[in-house]
Amino acid sequence: MKTIIFILLLNATNLVGQKFENLALTPPMGWNSWNHFECDRVNEEVIRDMADAMVSSGMKDAGYEYIVIDDCWQVGRDEEGVIIVDSEKFPSGIATLADYIHSRGLKFGIYSDAGTHTCEGRPGSKDHEEQDAITYAAWGVDYLKYDWCNTEGQDEIESYTRMRDALYKAGRPIVFSICEWGYSKPWKWAGEVGHLWRTTQDITDRWDGSRWGNQLGWTFILERQVGLEKYAGPGHWNDPDMLEVGNAGLTINEARAHFTMWCMLAAPLITGNDLKNMPDEIRAILTHRELIAIDQDPLGRQGFKIYDEGNFEIWQKPLSNGDLAICLLNLEVRDKEFVIQWSKLKIKDFDGTYAVKNLWEDKAAGDTSGAHTVKVSGRDVVVFRLGKR
Ligand code: GLA
């Protein structure tokens, strides 16, 4: 009898107290409305258009799967506390939109906030976690981004764990994206709670620096990922924020470098541009199969810096089967010439001779037995895949 009660208790406690396992075994790939459409311009038509464009542009075939509505889909709560959808922006309702996205073979994501209100002042999920999780599960949500505005006095771990447990209890597997901006060093605790966690404040479409102290250029964010590599792996990723590739503030080479470095970081590849009006050269960046394979490599190792002379850096990412990705990043405006002596580069686990392929040029480039003289254009990258022979 005692054993039966114990087993029953065990089963009951298993219902809470964990995140969904076996999700996000490689970094999530998708699209989110915030970077381009922000609050004012997001609506049902935009979301449907993006789902259509995700398919017609070839992005779905390249591996992108989540369509995520960020802030501003919600307006209030009814007398029972159930969240009310903004019916001006989303007249068909969220469940219908989710069905449409699923019918395109894609997955559907939504946004809320751990505090009383979202960053745009819409209702947050504080004290409504279970109710909201049940609503999301009923709508067919597959991904939740959970923000940290208006959380005065709240504890990060407690607040995110509460939503994790609510999602688990609601029973529909949902990728849980923690958006706490790195304040409490989430890489130290969030692996048990979510599938990805933001490491900094918001990205913006700039090369470097910060605007108003909290709108960061991507190279500024990149430098803040150094040392975090040991916390990432299958099912638990550092999130240096969504991509700005295709947004107005980056030139084409800056966008290529941004995308490449996010792949080197094993970062979630959540695009944030207007997929419907996407120039071919942007599509070519976002759908580059061999770059995506670096990001999505099943080993799940985040890349790290192995060389730094200030405005010129070299990064390494270990890949499955002993392959290696090596990326040269030129942070200066003028071109840079660099001679690579492979065996002297301090590449970790460099072992024997490798075949070298230049990925953006799509060209074999000999092997690692000799030296390579490489020209890296201003604010650009050269990335090699080193293949075990
Ligand atoms: C915060 C997040 C952003 C975005 C906005 C929406 O700033 O970090 O990614 O979700 O809120 O209001």
# chains A, B, ... in the order shown; residues from 1 in each chain; ligands from 1
call {"tool": "select_by_dssp", "arguments": {"residues": "segment 157-342 of chain A", "states": "alpha helix (DSSP H)", "output": "PyMOL selection string"}}
result
chain A and resi 157-170+218-223+252-264+280-286+289-295
call {"tool": "residues_near_ligand", "arguments": {"ligand": "ligand 1", "cutoff": "10 Å", "atoms": "only C-alpha atoms and all ligand atoms", "output": "VMD selection string"}}
result
chain A and resid 32 to 35 38 to 39 69 to 72 111 to 113 117 to 122 145 to 149 178 to 181 198 200 to 204 214 to 215 241 to 242
call {"tool": "write_last_selection", "arguments": {"atoms": "N, CA and C atoms", "output": "CSV table (one decimal), in the first residue's frame"}}
result
chain,number,residue,atom,x,y,z
A,32,ASN,N,10.3,36.3,-35.8
A,32,ASN,CA,9.5,37.0,-34.7
A,32,ASN,C,9.2,38.4,-35.2
A,33,SER,N,8.0,38.9,-34.8
A,33,SER,CA,7.5,40.1,-35.4
A,33,SER,C,8.2,41.4,-34.8
A,34,TRP,N,8.9,41.3,-33.7
A,34,TRP,CA,9.4,42.5,-33.0
A,34,TRP,C,10.3,43.4,-33.8
A,35,ASN,N,11.4,42.8,-34.3
A,35,ASN,CA,12.5,43.7,-34.8
A,35,ASN,C,12.1,44.6,-36.0
A,38,GLU,N,7.5,45.7,-34.7
A,38,GLU,CA,7.3,46.3,-33.4
A,38,GLU,C,5.9,46.2,-32.9
A,39,CYS,N,5.4,47.2,-32.2
A,39,CYS,CA,4.0,47.1,-31.6
A,39,CYS,C,3.0,47.5,-32.6
A,69,ILE,N,4.5,35.7,-32.7
A,69,ILE,CA,4.0,37.0,-32.5
A,69,ILE,C,4.6,37.5,-31.2
A,70,ASP,N,5.2,38.7,-31.3
A,70,ASP,CA,5.8,39.3,-30.1
A,70,ASP,C,4.8,40.2,-29.4
A,71,ASP,N,5.2,41.2,-28.7
A,71,ASP,CA,4.3,42.0,-27.9
A,71,ASP,C,3.1,42.6,-28.8
A,72,CYS,N,2.0,43.0,-28.1
A,72,CYS,CA,0.9,43.8,-28.6
A,72,CYS,C,-0.2,43.0,-29.3
A,111,TYR,N,4.0,35.6,-27.2
A,111,TYR,CA,4.8,36.3,-26.2
A,111,TYR,C,4.0,36.7,-25.0
A,112,SER,N,4.6,36.6,-23.8
A,112,SER,CA,4.0,37.3,-22.7
A,112,SER,C,5.1,37.7,-21.8
A,113,ASP,N,4.8,38.1,-20.6
A,113,ASP,CA,5.7,38.8,-19.7
A,113,ASP,C,5.5,38.3,-18.2
A,117,HIS,N,2.7,43.8,-16.5
A,117,HIS,CA,2.4,44.2,-17.8
A,117,HIS,C,3.6,43.9,-18.7
A,118,THR,N,3.4,43.8,-20.0
A,118,THR,CA,4.5,43.6,-20.9
A,118,THR,C,5.2,45.0,-21.1
A,119,CYS,N,6.3,44.9,-21.9
A,119,CYS,CA,7.1,46.2,-22.1
A,119,CYS,C,6.3,47.2,-22.8
A,120,GLU,N,5.3,46.8,-23.5
A,120,GLU,CA,4.4,47.8,-24.2
A,120,GLU,C,3.1,48.1,-23.4
A,121,GLY,N,3.1,47.7,-22.2
A,121,GLY,CA,2.0,48.0,-21.3
A,121,GLY,C,0.8,47.1,-21.5
A,122,ARG,N,0.9,46.0,-22.2
A,122,ARG,CA,-0.2,45.1,-22.3
A,122,ARG,C,-0.2,44.2,-21.1
A,145,LYS,N,7.8,33.1,-25.8
A,145,LYS,CA,8.8,34.1,-25.3
A,145,LYS,C,8.3,34.8,-24.1
A,146,TYR,N,9.0,34.8,-23.0
A,146,TYR,CA,8.5,35.3,-21.8
A,146,TYR,C,9.4,36.4,-21.2
A,147,ASP,N,8.9,37.7,-21.3
A,147,ASP,CA,9.7,38.9,-21.0
A,147,ASP,C,9.8,39.3,-19.6
A,148,TRP,N,10.5,40.4,-19.3
A,148,TRP,CA,10.8,40.7,-17.9
A,148,TRP,C,10.5,42.1,-17.5
A,149,CYS,N,9.6,42.8,-18.3
A,149,CYS,CA,9.2,44.2,-17.9
A,149,CYS,C,8.2,44.2,-16.7
A,178,ILE,N,13.3,32.3,-22.5
A,178,ILE,CA,13.4,33.2,-21.3
A,178,ILE,C,14.1,34.6,-21.8
A,179,CYS,N,13.3,35.7,-21.6
A,179,CYS,CA,13.8,37.0,-22.1
A,179,CYS,C,14.0,37.9,-20.9
A,180,GLU,N,15.1,37.7,-20.2
A,180,GLU,CA,15.3,38.4,-18.9
A,180,GLU,C,16.6,39.3,-19.1
A,181,TRP,N,17.1,39.4,-20.3
A,181,TRP,CA,18.2,40.3,-20.6
A,181,TRP,C,19.5,40.1,-20.0
A,198,ARG,N,17.9,34.9,-23.1
A,198,ARG,CA,18.6,36.1,-23.6
A,198,ARG,C,19.7,36.4,-22.7
A,200,THR,N,21.6,39.4,-23.1
A,200,THR,CA,21.8,40.9,-23.0
A,200,THR,C,20.5,41.6,-23.3
A,201,GLN,N,20.6,42.9,-23.2
A,201,GLN,CA,19.4,43.7,-23.6
A,201,GLN,C,19.2,43.7,-25.1
A,202,ASP,N,18.3,44.5,-25.6
A,202,ASP,CA,17.8,44.2,-27.0
A,202,ASP,C,18.8,44.6,-28.1
A,203,ILE,N,18.8,43.8,-29.1
A,203,ILE,CA,19.6,44.0,-30.3
A,203,ILE,C,18.9,45.1,-31.1
A,204,THR,N,19.6,45.9,-31.9
A,204,THR,CA,19.0,46.8,-32.9
A,204,THR,C,19.8,46.7,-34.2
A,214,ASN,N,20.2,50.8,-24.1
A,214,ASN,CA,19.7,49.4,-24.1
A,214,ASN,C,19.3,48.9,-25.5
A,215,GLN,N,19.7,49.6,-26.5
A,215,GLN,CA,19.5,49.1,-27.9
A,215,GLN,C,20.9,48.8,-28.5
A,241,ASP,N,19.9,37.3,-28.9
A,241,ASP,CA,18.8,38.0,-29.4
A,241,ASP,C,18.6,37.7,-30.9
A,242,MET,N,17.4,38.2,-31.4
A,242,MET,CA,17.0,37.8,-32.7
A,242,MET,C,17.8,38.5,-33.8
call {"tool": "residues_around", "arguments": {"residues": "Asn247 of chain A", "least_positions_apart": "3", "cutoff": "7 Å", "atoms": "only C-alpha atoms", "output": "list in words"}}
result
Asp205, Glu244, Leu250 and Asn273 of chain A
call {"tool": "write_last_selection", "arguments": {"atoms": "N, CA, C and O atoms", "output": "mmCIF file, in the first residue's frame"}}
result
data_model
loop_
_atom_site.group_PDB
_atom_site.id
_atom_site.type_symbol
_atom_site.label_atom_id
_atom_site.label_comp_id
_atom_site.auth_asym_id
_atom_site.auth_seq_id
_atom_site.Cartn_x
_atom_site.Cartn_y
_atom_site.Cartn_z
ATOM 1 N N ASP A 205 19.347 47.265 -35.246
ATOM 2 C CA ASP A 205 20.047 47.063 -36.523
ATOM 3 C C ASP A 205 21.221 48.026 -36.666
ATOM 4 O O ASP A 205 21.222 48.903 -37.526
ATOM 5 N N GLU A 244 19.003 40.705 -37.015
ATOM 6 C CA GLU A 244 18.653 41.978 -37.664
ATOM 7 C C GLU A 244 18.984 41.925 -39.158
ATOM 8 O O GLU A 244 18.913 42.943 -39.850
ATOM 9 N N LEU A 250 21.840 47.733 -41.407
ATOM 10 C CA LEU A 250 23.063 46.967 -41.692
ATOM 11 C C LEU A 250 23.280 46.863 -43.196
ATOM 12 O O LEU A 250 22.336 46.603 -43.949
ATOM 13 N N ASN A 273 13.126 40.265 -39.951
ATOM 14 C CA ASN A 273 12.969 41.180 -41.090
ATOM 15 C C ASN A 273 11.607 40.953 -41.754
ATOM 16 O O ASN A 273 10.856 40.064 -41.360
#
call {"tool": "select_by_dssp", "arguments": {"residues": "segment 178-332 of chain A", "states": "strand (DSSP E)", "output": "VMD selection string"}}
result
chain A and resid 178 196 to 198 202 to 203 210 to 211 215 to 216 237 to 239 269 to 271 304 to 308 312 to 318 324 to 330
call {"tool": "closest_residue", "arguments": {"among": "A:Pro28, A:Gly17, A:Pro318, A:Gly105", "to": "Met163 of chain A", "atoms": "only C-alpha atoms"}}
result
A:Gly17
call {"tool": "closest_residue", "arguments": {"among": "A:Ala24, A:Val82, A:Ile252, A:Leu286", "to": "Pro173 of chain A", "atoms": "only C-alpha atoms"}}
result
A:Ala24
call {"tool": "closest_residue", "arguments": {"among": "A:Trp139, A:Lys19, A:Gly227, A:Glu361", "to": "Arg164 of chain A", "atoms": "only C-alpha atoms"}}
result
A:Lys19
call {"tool": "residues_around", "arguments": {"residues": "Tyr100 of chain A", "least_positions_apart": "5", "cutoff": "12 Å", "atoms": "only C-alpha atoms", "output": "list in words"}}
result
Glu44, Glu45, Ile47, Arg48, Asp49, Met50, Ala51, Asp52, Ile67, Ser92, Gly93, Ile94, Ala95, Gly105, Leu106, Lys107, Phe108, Trp139 and Gly140 of chain A
call {"tool": "write_last_selection", "arguments": {"atoms": "C-alpha atoms", "output": "short mmCIF file (atom, residue, chain, number, x, y, z; two decimals), in the first residue's frame"}}
result
data_model
loop_
_atom_site.label_atom_id
_atom_site.label_comp_id
_atom_site.auth_asym_id
_atom_site.auth_seq_id
_atom_site.Cartn_x
_atom_site.Cartn_y
_atom_site.Cartn_z
CA GLU A 44 -3.02 39.15 -38.33
CA GLU A 45 -2.33 39.97 -41.97
CA ILE A 47 1.60 37.16 -39.50
CA ARG A 48 -0.16 35.28 -42.29
CA ASP A 49 2.01 37.00 -44.88
CA MET A 50 5.15 36.03 -43.01
CA ALA A 51 4.02 32.41 -42.75
CA ASP A 52 3.37 32.38 -46.50
CA ILE A 67 6.39 32.09 -36.50
CA SER A 92 -9.97 36.09 -36.48
CA GLY A 93 -8.49 35.27 -33.08
CA ILE A 94 -5.26 33.56 -32.18
CA ALA A 95 -6.45 29.95 -32.46
CA GLY A 105 3.69 23.15 -41.96
CA LEU A 106 5.09 25.67 -39.49
CA LYS A 107 4.95 26.09 -35.72
CA PHE A 108 3.40 28.91 -33.77
CA TRP A 139 -4.71 27.67 -29.03
CA GLY A 140 -1.95 25.35 -30.24
#
call {"tool": "closest_residue", "arguments": {"among": "A:Tyr231, A:Phe176, A:Trp360, A:Trp73", "to": "Leu265 of chain A", "atoms": "only C-alpha atoms"}}
result
A:Tyr231
call {"tool": "residues_around", "arguments": {"residues": "Pro234 of chain A", "least_positions_apart": "2", "cutoff": "9 Å", "atoms": "only C-alpha atoms", "output": "MDAnalysis selection string"}}
result
chainID A and resid 22:27 195 232 236:237 298:301
call {"tool": "residues_around", "arguments": {"residues": "Phe20 of chain A", "least_positions_apart": "4", "cutoff": "12 Å", "atoms": "only C-alpha atoms", "output": "compact mmCIF listing (two decimals) with all heavy atoms, in the first residue's frame"}}
result
# COMPACT_ATOMS: atom_id res chain seq x y z
N ASN A 14 5.61 14.44 -10.76
CA ASN A 14 6.20 14.51 -12.10
C ASN A 14 5.44 15.43 -13.03
O ASN A 14 5.94 15.83 -14.07
CB ASN A 14 6.25 13.11 -12.74
CG ASN A 14 7.54 12.41 -12.35
OD1 ASN A 14 8.43 13.04 -11.82
ND2 ASN A 14 7.60 11.12 -12.62
N LEU A 15 4.20 15.72 -12.65
CA LEU A 15 3.39 16.59 -13.52
C LEU A 15 3.91 18.02 -13.52
O LEU A 15 3.67 18.78 -14.43
CB LEU A 15 1.93 16.59 -13.04
CG LEU A 15 1.14 15.34 -13.38
CD1 LEU A 15 -0.24 15.41 -12.77
CD2 LEU A 15 1.05 15.18 -14.88
N VAL A 16 4.60 18.39 -12.47
CA VAL A 16 5.18 19.74 -12.42
C VAL A 16 6.67 19.59 -12.15
O VAL A 16 7.19 18.50 -12.03
CB VAL A 16 4.53 20.61 -11.32
CG1 VAL A 16 3.10 20.94 -11.68
CG2 VAL A 16 4.61 19.92 -9.98
N ALA A 24 14.00 21.69 -28.82
CA ALA A 24 15.14 22.58 -29.12
C ALA A 24 16.48 21.85 -28.95
O ALA A 24 17.40 22.37 -28.34
CB ALA A 24 15.09 23.83 -28.24
N LEU A 25 16.56 20.67 -29.51
CA LEU A 25 17.82 19.92 -29.41
C LEU A 25 18.90 20.57 -30.28
O LEU A 25 20.10 20.36 -30.07
CB LEU A 25 17.61 18.46 -29.79
CG LEU A 25 16.68 17.72 -28.82
CD1 LEU A 25 16.50 16.27 -29.24
CD2 LEU A 25 17.16 17.81 -27.38
N ASP A 142 3.25 26.64 -29.72
CA ASP A 142 4.40 25.73 -29.67
C ASP A 142 5.65 26.37 -29.05
O ASP A 142 6.67 25.69 -28.85
CB ASP A 142 4.80 25.29 -31.10
CG ASP A 142 3.64 24.70 -31.86
OD1 ASP A 142 3.12 23.66 -31.42
OD2 ASP A 142 3.22 25.30 -32.88
N TYR A 143 5.59 27.69 -28.82
CA TYR A 143 6.79 28.43 -28.39
C TYR A 143 6.31 29.65 -27.62
O TYR A 143 5.40 30.35 -28.08
CB TYR A 143 7.53 28.85 -29.66
CG TYR A 143 8.85 29.58 -29.53
CD1 TYR A 143 10.04 28.94 -29.89
CD2 TYR A 143 8.93 30.91 -29.11
CE1 TYR A 143 11.26 29.62 -29.83
CE2 TYR A 143 10.13 31.58 -29.04
CZ TYR A 143 11.30 30.93 -29.41
OH TYR A 143 12.52 31.59 -29.36
N ARG A 164 7.27 27.92 -16.25
CA ARG A 164 7.71 26.60 -16.74
C ARG A 164 6.76 25.51 -16.25
O ARG A 164 6.29 24.68 -17.03
CB ARG A 164 9.12 26.30 -16.23
CG ARG A 164 9.57 24.88 -16.54
CD ARG A 164 10.74 24.43 -15.68
NE ARG A 164 10.32 24.14 -14.30
CZ ARG A 164 11.11 23.68 -13.35
NH1 ARG A 164 12.40 23.48 -13.62
NH2 ARG A 164 10.67 23.43 -12.13
N ASP A 165 6.46 25.55 -14.95
CA ASP A 165 5.60 24.51 -14.37
C ASP A 165 4.17 24.60 -14.91
O ASP A 165 3.52 23.58 -15.14
CB ASP A 165 5.59 24.63 -12.84
CG ASP A 165 6.95 24.27 -12.24
OD1 ASP A 165 7.79 23.73 -12.98
OD2 ASP A 165 7.16 24.52 -11.04
N ALA A 166 3.72 25.83 -15.11
CA ALA A 166 2.36 26.01 -15.65
C ALA A 166 2.27 25.43 -17.07
O ALA A 166 1.30 24.75 -17.41
CB ALA A 166 2.00 27.50 -15.66
N LEU A 167 3.29 25.67 -17.86
CA LEU A 167 3.30 25.14 -19.23
C LEU A 167 3.30 23.61 -19.19
O LEU A 167 2.56 22.96 -19.93
CB LEU A 167 4.53 25.63 -20.00
CG LEU A 167 4.58 27.13 -20.32
CD1 LEU A 167 5.94 27.49 -20.93
CD2 LEU A 167 3.46 27.55 -21.27
N TYR A 168 4.14 23.08 -18.34
CA TYR A 168 4.27 21.62 -18.27
C TYR A 168 2.94 20.99 -17.85
O TYR A 168 2.50 19.98 -18.40
CB TYR A 168 5.39 21.23 -17.29
CG TYR A 168 5.82 19.81 -17.46
CD1 TYR A 168 6.64 19.44 -18.52
CD2 TYR A 168 5.38 18.82 -16.58
CE1 TYR A 168 7.01 18.12 -18.71
CE2 TYR A 168 5.75 17.50 -16.75
CZ TYR A 168 6.57 17.16 -17.82
OH TYR A 168 6.93 15.85 -18.00
N LYS A 169 2.30 21.65 -16.89
CA LYS A 169 1.03 21.15 -16.39
C LYS A 169 -0.05 21.22 -17.48
O LYS A 169 -0.92 20.34 -17.56
CB LYS A 169 0.61 21.98 -15.18
CG LYS A 169 -0.27 21.27 -14.23
CD LYS A 169 -0.40 22.06 -12.94
CE LYS A 169 -1.69 21.70 -12.26
NZ LYS A 169 -2.02 22.66 -11.22
N ALA A 170 0.01 22.25 -18.30
CA ALA A 170 -1.00 22.39 -19.36
C ALA A 170 -0.85 21.29 -20.41
O ALA A 170 -1.79 21.01 -21.16
CB ALA A 170 -0.91 23.77 -20.00
N GLY A 171 0.32 20.69 -20.47
CA GLY A 171 0.48 19.44 -21.21
C GLY A 171 0.88 19.54 -22.67
O GLY A 171 1.17 18.52 -23.28
N ARG A 172 0.88 20.73 -23.27
CA ARG A 172 1.29 20.81 -24.67
C ARG A 172 2.77 21.20 -24.73
O ARG A 172 3.15 22.22 -24.16
CB ARG A 172 0.46 21.86 -25.41
CG ARG A 172 0.84 21.95 -26.89
CD ARG A 172 0.02 22.99 -27.65
NE ARG A 172 0.56 23.16 -28.98
CZ ARG A 172 0.16 22.48 -30.05
NH1 ARG A 172 -0.80 21.59 -29.94
NH2 ARG A 172 0.75 22.68 -31.22
N PRO A 173 3.61 20.41 -25.40
CA PRO A 173 5.03 20.75 -25.44
C PRO A 173 5.24 22.12 -26.06
O PRO A 173 4.81 22.39 -27.19
CB PRO A 173 5.63 19.65 -26.33
CG PRO A 173 4.67 18.52 -26.23
CD PRO A 173 3.31 19.15 -26.08
N ILE A 174 5.86 23.01 -25.29
CA ILE A 174 6.09 24.39 -25.72
C ILE A 174 7.55 24.76 -25.43
O ILE A 174 8.01 24.56 -24.30
CB ILE A 174 5.12 25.35 -24.97
CG1 ILE A 174 3.68 25.13 -25.49
CG2 ILE A 174 5.53 26.81 -25.14
CD1 ILE A 174 2.63 26.02 -24.85
N VAL A 175 8.24 25.24 -26.43
CA VAL A 175 9.60 25.74 -26.22
C VAL A 175 9.49 27.01 -25.38
O VAL A 175 8.68 27.89 -25.67
CB VAL A 175 10.29 26.04 -27.58
CG1 VAL A 175 11.61 26.78 -27.37
CG2 VAL A 175 10.50 24.76 -28.37
N PHE A 176 10.29 27.07 -24.32
CA PHE A 176 10.18 28.20 -23.37
C PHE A 176 11.41 29.09 -23.53
O PHE A 176 12.52 28.71 -23.19
CB PHE A 176 10.06 27.64 -21.95
CG PHE A 176 9.69 28.67 -20.92
CD1 PHE A 176 8.91 29.78 -21.23
CD2 PHE A 176 10.11 28.51 -19.60
CE1 PHE A 176 8.56 30.72 -20.27
CE2 PHE A 176 9.77 29.44 -18.62
CZ PHE A 176 9.00 30.55 -18.97
N GLY A 191 19.04 26.68 -17.52
CA GLY A 191 19.08 25.41 -18.25
C GLY A 191 18.02 24.43 -17.78
O GLY A 191 17.51 23.62 -18.55
N GLU A 192 17.65 24.53 -16.52
CA GLU A 192 16.62 23.66 -15.94
C GLU A 192 15.22 24.21 -16.20
O GLU A 192 14.23 23.52 -15.97
CB GLU A 192 16.77 23.61 -14.41
CG GLU A 192 18.10 23.10 -13.93
CD GLU A 192 18.17 21.59 -14.11
OE1 GLU A 192 17.31 20.91 -13.54
OE2 GLU A 192 19.06 21.13 -14.85
N VAL A 193 15.16 25.46 -16.58
CA VAL A 193 13.87 26.16 -16.60
C VAL A 193 13.35 26.36 -18.03
O VAL A 193 12.18 26.15 -18.31
CB VAL A 193 13.98 27.52 -15.87
CG1 VAL A 193 12.65 28.24 -15.85
CG2 VAL A 193 14.51 27.33 -14.45
N GLY A 194 14.25 26.76 -18.92
CA GLY A 194 13.81 27.04 -20.28
C GLY A 194 14.73 26.39 -21.30
O GLY A 194 15.68 25.69 -20.95
N HIS A 195 14.41 26.65 -22.58
CA HIS A 195 15.20 26.06 -23.66
C HIS A 195 16.20 27.06 -24.23
O HIS A 195 17.13 26.67 -24.94
CB HIS A 195 14.28 25.54 -24.75
CG HIS A 195 13.30 24.52 -24.24
ND1 HIS A 195 12.04 24.85 -23.81
CD2 HIS A 195 13.44 23.19 -24.03
CE1 HIS A 195 11.42 23.76 -23.38
NE2 HIS A 195 12.24 22.75 -23.49
N GLY A 235 19.02 21.57 -26.19
CA GLY A 235 17.90 21.82 -25.27
C GLY A 235 18.09 23.02 -24.37
O GLY A 235 17.17 23.39 -23.64
N HIS A 236 19.26 23.67 -24.40
CA HIS A 236 19.49 24.83 -23.52
C HIS A 236 20.54 25.75 -24.13
O HIS A 236 21.73 25.47 -24.12
CB HIS A 236 19.90 24.36 -22.12
CG HIS A 236 21.03 23.37 -22.09
ND1 HIS A 236 22.32 23.73 -21.80
CD2 HIS A 236 21.07 22.04 -22.34
CE1 HIS A 236 23.10 22.67 -21.85
NE2 HIS A 236 22.36 21.63 -22.19
call {"tool": "atom_distance", "arguments": {"atom1": "atom CA of Ala255 of chain A", "atom2": "atom CA of Ile340 of chain A"}}
result
24.4 Å
call {"tool": "residues_around", "arguments": {"residues": "Thr260 of chain A", "least_positions_apart": "5", "cutoff": "8 Å", "atoms": "only C-alpha atoms", "output": "PyMOL selection string"}}
result
chain A and resi 291+381+383
call {"tool": "atom_distance", "arguments": {"atom1": "atom CA of Asn321 of chain A", "atom2": "atom CA of Asp295 of chain A"}}
result
14.9 Å
call {"tool": "closest_residue", "arguments": {"among": "A:Ala325, A:Val46, A:Pro91, A:Gln131", "to": "Asn277 of chain A", "atoms": "only C-alpha atoms"}}
result
A:Val46
call {"tool": "closest_residue", "arguments": {"among": "A:Ser177, A:Gln225, A:Gln74, A:Asn253", "to": "Asp132 of chain A", "atoms": "only C-alpha atoms"}}
result
A:Gln74
call {"tool": "atom_distance", "arguments": {"atom1": "atom CA of Val374 of chain A", "atom2": "atom CA of Asp335 of chain A"}}
result
10.4 Å
call {"tool": "decode", "arguments": {"residues": "segment 234-292 of chain A", "atoms": "C-alpha atoms", "output": "PDB file, in the first residue's frame"}}
result
ATOM      1  CA  PRO A 234      21.155  20.621 -26.857  1.00  0.00           C
ATOM      2  CA  GLY A 235      17.903  21.817 -25.268  1.00  0.00           C
ATOM      3  CA  HIS A 236      19.492  24.829 -23.516  1.00  0.00           C
ATOM      4  CA  TRP A 237      20.906  27.731 -25.489  1.00  0.00           C
ATOM      5  CA  ASN A 238      22.332  31.174 -24.883  1.00  0.00           C
ATOM      6  CA  ASP A 239      20.243  33.645 -26.884  1.00  0.00           C
ATOM      7  CA  PRO A 240      22.139  36.735 -28.083  1.00  0.00           C
ATOM      8  CA  ASP A 241      18.773  38.000 -29.418  1.00  0.00           C
ATOM      9  CA  MET A 242      16.975  37.846 -32.724  1.00  0.00           C
ATOM     10  CA  LEU A 243      18.593  38.524 -36.091  1.00  0.00           C
ATOM     11  CA  GLU A 244      18.653  41.978 -37.664  1.00  0.00           C
ATOM     12  CA  VAL A 245      19.660  40.572 -41.077  1.00  0.00           C
ATOM     13  CA  GLY A 246      17.562  42.351 -43.713  1.00  0.00           C
ATOM     14  CA  ASN A 247      16.715  45.378 -41.584  1.00  0.00           C
ATOM     15  CA  ALA A 248      17.709  48.827 -42.759  1.00  0.00           C
ATOM     16  CA  GLY A 249      20.639  49.634 -40.464  1.00  0.00           C
ATOM     17  CA  LEU A 250      23.063  46.967 -41.692  1.00  0.00           C
ATOM     18  CA  THR A 251      24.862  46.822 -45.037  1.00  0.00           C
ATOM     19  CA  ILE A 252      24.964  43.503 -46.850  1.00  0.00           C
ATOM     20  CA  ASN A 253      28.445  42.566 -45.608  1.00  0.00           C
ATOM     21  CA  GLU A 254      27.532  43.619 -42.056  1.00  0.00           C
ATOM     22  CA  ALA A 255      24.421  41.449 -42.273  1.00  0.00           C
ATOM     23  CA  ARG A 256      26.458  38.495 -43.597  1.00  0.00           C
ATOM     24  CA  ALA A 257      28.951  38.859 -40.745  1.00  0.00           C
ATOM     25  CA  HIS A 258      26.100  39.080 -38.205  1.00  0.00           C
ATOM     26  CA  PHE A 259      24.448  35.919 -39.533  1.00  0.00           C
ATOM     27  CA  THR A 260      27.742  34.045 -39.641  1.00  0.00           C
ATOM     28  CA  MET A 261      28.669  34.935 -36.080  1.00  0.00           C
ATOM     29  CA  TRP A 262      25.220  33.909 -34.825  1.00  0.00           C
ATOM     30  CA  CYS A 263      25.797  30.529 -36.530  1.00  0.00           C
ATOM     31  CA  MET A 264      29.227  30.297 -34.885  1.00  0.00           C
ATOM     32  CA  LEU A 265      27.541  30.957 -31.522  1.00  0.00           C
ATOM     33  CA  ALA A 266      24.963  28.195 -32.007  1.00  0.00           C
ATOM     34  CA  ALA A 267      22.477  31.005 -31.475  1.00  0.00           C
ATOM     35  CA  PRO A 268      18.756  30.618 -32.057  1.00  0.00           C
ATOM     36  CA  LEU A 269      18.182  31.830 -35.628  1.00  0.00           C
ATOM     37  CA  ILE A 270      15.036  33.888 -35.159  1.00  0.00           C
ATOM     38  CA  THR A 271      14.818  36.258 -38.100  1.00  0.00           C
ATOM     39  CA  GLY A 272      13.290  39.698 -37.611  1.00  0.00           C
ATOM     40  CA  ASN A 273      12.969  41.180 -41.090  1.00  0.00           C
ATOM     41  CA  ASP A 274      10.080  41.614 -43.523  1.00  0.00           C
ATOM     42  CA  LEU A 275      10.119  38.210 -45.208  1.00  0.00           C
ATOM     43  CA  LYS A 276       7.556  39.293 -47.796  1.00  0.00           C
ATOM     44  CA  ASN A 277       9.748  42.061 -49.143  1.00  0.00           C
ATOM     45  CA  MET A 278      13.106  40.378 -48.827  1.00  0.00           C
ATOM     46  CA  PRO A 279      15.816  41.085 -51.431  1.00  0.00           C
ATOM     47  CA  ASP A 280      17.441  37.994 -52.963  1.00  0.00           C
ATOM     48  CA  GLU A 281      20.799  38.771 -51.403  1.00  0.00           C
ATOM     49  CA  ILE A 282      19.222  38.730 -47.923  1.00  0.00           C
ATOM     50  CA  ARG A 283      17.401  35.489 -48.669  1.00  0.00           C
ATOM     51  CA  ALA A 284      20.702  34.006 -49.844  1.00  0.00           C
ATOM     52  CA  ILE A 285      22.263  34.841 -46.481  1.00  0.00           C
ATOM     53  CA  LEU A 286      19.405  33.531 -44.371  1.00  0.00           C
ATOM     54  CA  THR A 287      19.058  30.275 -46.310  1.00  0.00           C
ATOM     55  CA  HIS A 288      22.751  29.412 -46.706  1.00  0.00           C
ATOM     56  CA  ARG A 289      22.693  25.666 -46.064  1.00  0.00           C
ATOM     57  CA  GLU A 290      26.276  25.215 -44.972  1.00  0.00           C
ATOM     58  CA  LEU A 291      26.134  28.133 -42.544  1.00  0.00           C
ATOM     59  CA  ILE A 292      22.873  26.828 -41.108  1.00  0.00           C
TER      60      ILE A 292
END
